[in-house]
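Presented below is the structure to which this report refers.
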Amino acid sequence: MDVMLDIFGSANFWAAAIRIATPLIFGVLGALICERAGVLNLGIEGIFVAGAMAGWLAVYLGAGLWGGVLVAALAGAMFGLLHAVLTVILGLSQHVSGIGITLLATSVSYFTYRTALPSVTSPPRIVPFQPVTIPGLTDIPFIGPALFSQTPLTWLAVALVALVAFVLYRTPLGLAIRAVGDNPASVEAQGLSVRGLRIGAIVAGSALMALGGAFLTMSAFDAFFFGMVNGRGWICIALVVFASWQPGKALLGALLFGAFDAFQIRLQAEIGQVVPGQVFLMLPYLLSILALVLVARKADYPRALLQPWTKGQRH
Amino acid sequence: MSLRLDPRADASIGLRLAVSFASGLVALLIVAIPVMAAGGNPFSAYLLMAQGAFGSMFALSETLNRATPLILTGLAAAIAFRARLWNIGAEGQLYMGALAAVLVGSGFLQLPPALMIPAIMIAGFLAGGLMMVVPTILKQRFGADEVVITLLLNFVVILFVQMLIEGPLKDPLAMGWPQSVPLLAEARFDKLIPRLRTHWGLLVGLLAAILLWLMVRKTVLGFEIKAVGENKAAARFAGIPVDGTMLKVALISGGLAGLAGVGEVAGVKFYLSADLSPGFGYSGIVVAMLAGLSPIGSVLAAIFIAAVFVGADSMSRATGISSYIADLVVALSLLCVLVGSFFLRFRLILDNRKAEA
């Protein structure tokens, strides 16, 4: 019991939880936008890799940190556009296209990294984003070090949650995006373009996914490693269902997940001698599966998810 | 004059073959761009790849050795996708199959080879199959999406394997390397040709392809799979036991991937390690799609993908161009064949008449 109290009472623990949650916030938001518009984007895992590599490489080659963020977002948008062409314009299988995008984005990233840096033995480093300290607030005991030790990308992620929620629920564009994933015929009846909305949503969502990857190489770490994304994209796909496709719940889900992950890392340090480390490393994946199984029955999937749309189509 | 798309009823076998070949070819053509970007000459790079994959008995044996697990993971994806069961977990199922083979074949049982080989194959098949049956039950009982669950299970299984080979299954004689105790001699597949690595697992793959082809064509289960894959509601209405069919497909699909793992430990490595498979499970999806989900086609597609990997390794050693070029070809093949499937469903018609009002 003391172990638990020690962990939850430490500001470092909460700072780590938020840090672990940040890439997931970007990823879940991105996946949420795509799925709200009716398109599953399994390219997410590869787009994470592409964002991580492209953003890092841009900074390594001399672009500023925010320049790197922009490059990462553009890389994500590009793969999103490819997914949109295949699934929205050609109406092809969203599952297969997504897996294909993941394979392509991953191999393009690895190939580019190897080709740009053929002879490095240890991964070169960049100077990553530094924590934003706010004089006064950072000094508040407990809350200060937990909240106000985060880098700008974490704040960007939180701001994007608010922005996406605002756009989805408070603007005509958001209404159209939600409708296009639920009842595309109604959108077309309004004289709006179903395909245009879907393509836009996939491109924007994919750009956000890439930011999740960029956070890994430009904020959480300072280098690019092969295999560093390690299933985070797939976890986001599970978290979207858990979050019922709502930005606020997505933030909550990502934070819960981050807290759990930070907890298992600390628990591992405490009782790691008794239980093999891999058991702890499995927990995040098992937790995602459990979350999916628990909510799946009552999950309110966007009704037109996975269904391609042809102009003038009727039900 | 305008272009118009007409739906096609059924694509001919010739057209389907053409789409598959064109997909591989287009993927290779596109990859000329990154080859040039890396400072290579595409023609000599492809020539080196072809030589590396087929240029000698050794090269051919390496290609067939690499194709062996890909045939089985390709069949695993093909049978599942036919029933619209999205098994993306062949990677994990492969490792579970390999693990089961090691558990049974490394001293737990003392049997002559004639019994030991079937024993590890059955164990591997069941272990892999179980890894797909569980997500299928979760899908049927709780409506949980099998795509995400099978994807996430891949990570769980790898960690589970790591835990065992660093713990209870660790080989004390492996100089501290995390690898399992080796298989007994009785549990190892013989080589097909002395001094070359190709082993009996290849024949297992070929036999599985033929059996699957017969099943799809001639059996009631094959018919049920087709019906379930085309329209689940209609199949249920027609009295086909949809859930039972899906579970059988899950067992076969996961089991085939498990057999791929058995072949890798019993035919190539003789022990289990965490680097047993460089993504054979994921490449199997590409194999199945390139094959148009055909069992016999999966054999050809697996040899193509294997040749790309083996050829790229050899080309990379000669030119210094990164061997990730192979992964690029594989990914692009998948996307190209997906685009190609569009032309199997629609006929592009050049319309010379005036558009009707």
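If you're wondering about the labels, chains in the structure tokens are A, B, ... by order shown, residues count from 1 in each chain, ligands from 1 in order shown.
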From a backbone DSSP assignment, name each residue in range 99-237 of chain B labelled strand (DSSP E or B), as a ChimeraX atom specification.
/B:170,179-180,191,199
Residues of chain B within 6 Å of chain A, counting only C-alpha atoms, as number ranges by chain
B: 142-144, 149, 152, 156, 159, 163, 324, 327-328, 331, 334-335
Near range 10-18 of chain B, within 7 Å and counting only C-alpha atoms, which residues show up once chain neighbours fewer than 3 positions away are dropped, as a PyMOL selection string?
chain B and resi 21-22+344
Restrict the selected residues to N, CA and C atoms and save them as a compact mmCIF listing (two decimals), in the first residue's frame.
# COMPACT_ATOMS: atom_id res chain seq x y z
N PHE B 21 0.51 -9.68 -61.68
CA PHE B 21 1.84 -9.47 -62.25
C PHE B 21 2.13 -7.99 -62.42
N ALA B 22 1.13 -7.25 -62.94
CA ALA B 22 1.33 -5.82 -63.15
C ALA B 22 1.63 -5.12 -61.82
N LEU B 344 -10.66 -5.01 -61.39
CA LEU B 344 -11.34 -6.30 -61.45
C LEU B 344 -12.83 -6.12 -61.21
Which residues, written as a ChimeraX atom specification, have at least one atom at most 9 Å from Val180 in chain A, with only C-alpha atoms counted and residues fewer than 6 positions away on the same chain left out?
/A:36-38,186-188,194-195,197-198,304
Could you write out, as a PyMOL selection string, all the residues of range 214-344 of chain B that DSSP marks as helix (DSSP H, G or I)?
chain B and resi 214-218+220-230+232-237+242-269+280-290+295-319+325-344
Dump as a short mmCIF file (atom, residue, chain, number, x, y, z; two decimals), in the first residue's frame, selection limited to C-alpha atoms:
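Final file, out36.cif:
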data_model
loop_
_atom_site.label_atom_id
_atom_site.label_comp_id
_atom_site.auth_asym_id
_atom_site.auth_seq_id
_atom_site.Cartn_x
_atom_site.Cartn_y
_atom_site.Cartn_z
CA LEU B 214 -9.32 -28.40 -52.61
CA MET B 215 -11.17 -27.23 -49.52
CA VAL B 216 -12.16 -23.95 -51.11
CA ARG B 217 -13.24 -25.65 -54.32
CA LYS B 218 -14.75 -28.96 -53.28
CA VAL B 220 -19.00 -27.80 -47.85
CA LEU B 221 -16.80 -25.68 -45.61
CA GLY B 222 -15.34 -24.02 -48.69
CA PHE B 223 -18.82 -23.17 -49.86
CA GLU B 224 -19.81 -21.88 -46.43
CA ILE B 225 -16.71 -19.67 -46.28
CA LYS B 226 -17.59 -18.19 -49.66
CA ALA B 227 -21.16 -17.53 -48.58
CA VAL B 228 -20.11 -15.96 -45.28
CA GLY B 229 -17.50 -13.83 -47.03
CA GLU B 230 -19.94 -12.54 -49.61
CA LYS B 232 -23.05 -12.69 -43.73
CA ALA B 233 -26.72 -11.85 -43.32
CA ALA B 234 -27.71 -13.80 -46.42
CA ALA B 235 -25.59 -16.74 -45.32
CA ARG B 236 -27.28 -16.77 -41.92
CA PHE B 237 -30.67 -16.54 -43.59
CA VAL B 242 -22.01 -18.34 -39.62
CA ASP B 243 -20.35 -18.26 -36.19
CA GLY B 244 -19.21 -21.87 -36.44
CA THR B 245 -17.80 -21.29 -39.91
CA MET B 246 -15.90 -18.24 -38.68
CA LEU B 247 -14.42 -20.23 -35.80
CA LYS B 248 -13.28 -22.98 -38.19
CA VAL B 249 -11.71 -20.34 -40.44
CA ALA B 250 -10.02 -18.77 -37.42
CA LEU B 251 -8.57 -22.12 -36.34
CA ILE B 252 -7.29 -22.91 -39.84
CA SER B 253 -5.93 -19.41 -40.42
CA GLY B 254 -4.15 -19.13 -37.09
CA GLY B 255 -3.05 -22.74 -37.38
CA LEU B 256 -1.38 -22.15 -40.76
CA ALA B 257 0.50 -19.18 -39.32
CA GLY B 258 1.46 -21.39 -36.37
CA LEU B 259 2.84 -23.99 -38.80
CA ALA B 260 4.98 -21.25 -40.33
CA GLY B 261 6.54 -20.81 -36.90
CA VAL B 262 7.03 -24.56 -36.49
CA GLY B 263 8.88 -24.64 -39.81
CA GLU B 264 11.19 -21.80 -38.82
CA VAL B 265 12.28 -23.48 -35.57
CA ALA B 266 12.26 -27.08 -36.84
CA GLY B 267 13.77 -26.36 -40.25
CA VAL B 268 16.00 -23.30 -39.90
CA LYS B 269 16.97 -22.16 -36.40
CA PHE B 280 6.60 -12.90 -41.98
CA GLY B 281 3.12 -12.43 -40.54
CA TYR B 282 2.67 -8.97 -42.01
CA SER B 283 4.23 -9.94 -45.35
CA GLY B 284 1.73 -12.80 -45.49
CA ILE B 285 -1.04 -10.22 -45.91
CA VAL B 286 0.75 -8.90 -48.99
CA VAL B 287 1.24 -12.45 -50.29
CA ALA B 288 -2.47 -13.19 -49.95
CA MET B 289 -3.56 -9.96 -51.60
CA LEU B 290 -1.07 -10.37 -54.46
CA PRO B 295 -4.18 -20.71 -52.36
CA ILE B 296 -2.11 -21.77 -55.38
CA GLY B 297 -1.42 -18.12 -56.22
CA SER B 298 -0.15 -17.65 -52.67
CA VAL B 299 2.73 -20.01 -53.44
CA LEU B 300 3.80 -17.92 -56.42
CA ALA B 301 3.32 -14.64 -54.57
CA ALA B 302 5.33 -15.95 -51.62
CA ILE B 303 8.20 -16.85 -53.92
CA PHE B 304 8.05 -13.35 -55.45
CA ILE B 305 8.11 -11.62 -52.04
CA ALA B 306 10.84 -13.98 -50.80
CA ALA B 307 12.90 -13.25 -53.91
CA VAL B 308 12.53 -9.52 -53.30
CA PHE B 309 13.86 -9.87 -49.74
CA VAL B 310 16.69 -12.28 -50.56
CA GLY B 311 17.62 -10.35 -53.71
CA ALA B 312 17.59 -7.02 -51.90
CA ASP B 313 19.88 -8.35 -49.17
CA SER B 314 22.37 -9.51 -51.73
CA MET B 315 22.07 -6.30 -53.79
CA SER B 316 22.50 -4.25 -50.62
CA ARG B 317 25.74 -6.02 -49.76
CA ALA B 318 27.11 -5.28 -53.23
CA THR B 319 25.97 -1.66 -53.62
CA ILE B 325 14.23 -1.30 -50.48
CA ALA B 326 12.61 -4.76 -50.19
CA ASP B 327 10.07 -3.49 -47.66
CA LEU B 328 9.26 -0.66 -50.07
CA VAL B 329 8.59 -3.12 -52.90
CA VAL B 330 6.40 -5.22 -50.61
CA ALA B 331 4.34 -2.25 -49.38
CA LEU B 332 3.92 -0.85 -52.88
CA SER B 333 2.91 -4.27 -54.23
CA LEU B 334 0.10 -4.35 -51.70
CA LEU B 335 -1.14 -0.87 -52.62
CA CYS B 336 -0.80 -1.59 -56.36
CA VAL B 337 -2.76 -4.82 -56.16
CA LEU B 338 -5.40 -2.98 -54.16
CA VAL B 339 -5.71 -0.40 -56.92
CA GLY B 340 -5.70 -3.28 -59.39
CA SER B 341 -8.69 -4.82 -57.63
CA PHE B 342 -10.58 -1.73 -58.71
CA PHE B 343 -10.15 -2.82 -62.32
CA LEU B 344 -11.34 -6.30 -61.45
#
Excluding same-chain residues fewer than 5 positions from Phe108 in chain B, what lies within 12 Å of it counting only C-alpha atoms, as an MDAnalysis selection string?
chainID B and resid 100:103 116 119:120 169 181:184 187
Residue nearest Ser10 in chain A - candidates A:Ala146, A:Ala165, A:Leu173, A:Val274, atoms counted: only C-alpha atoms:
A:Ala146
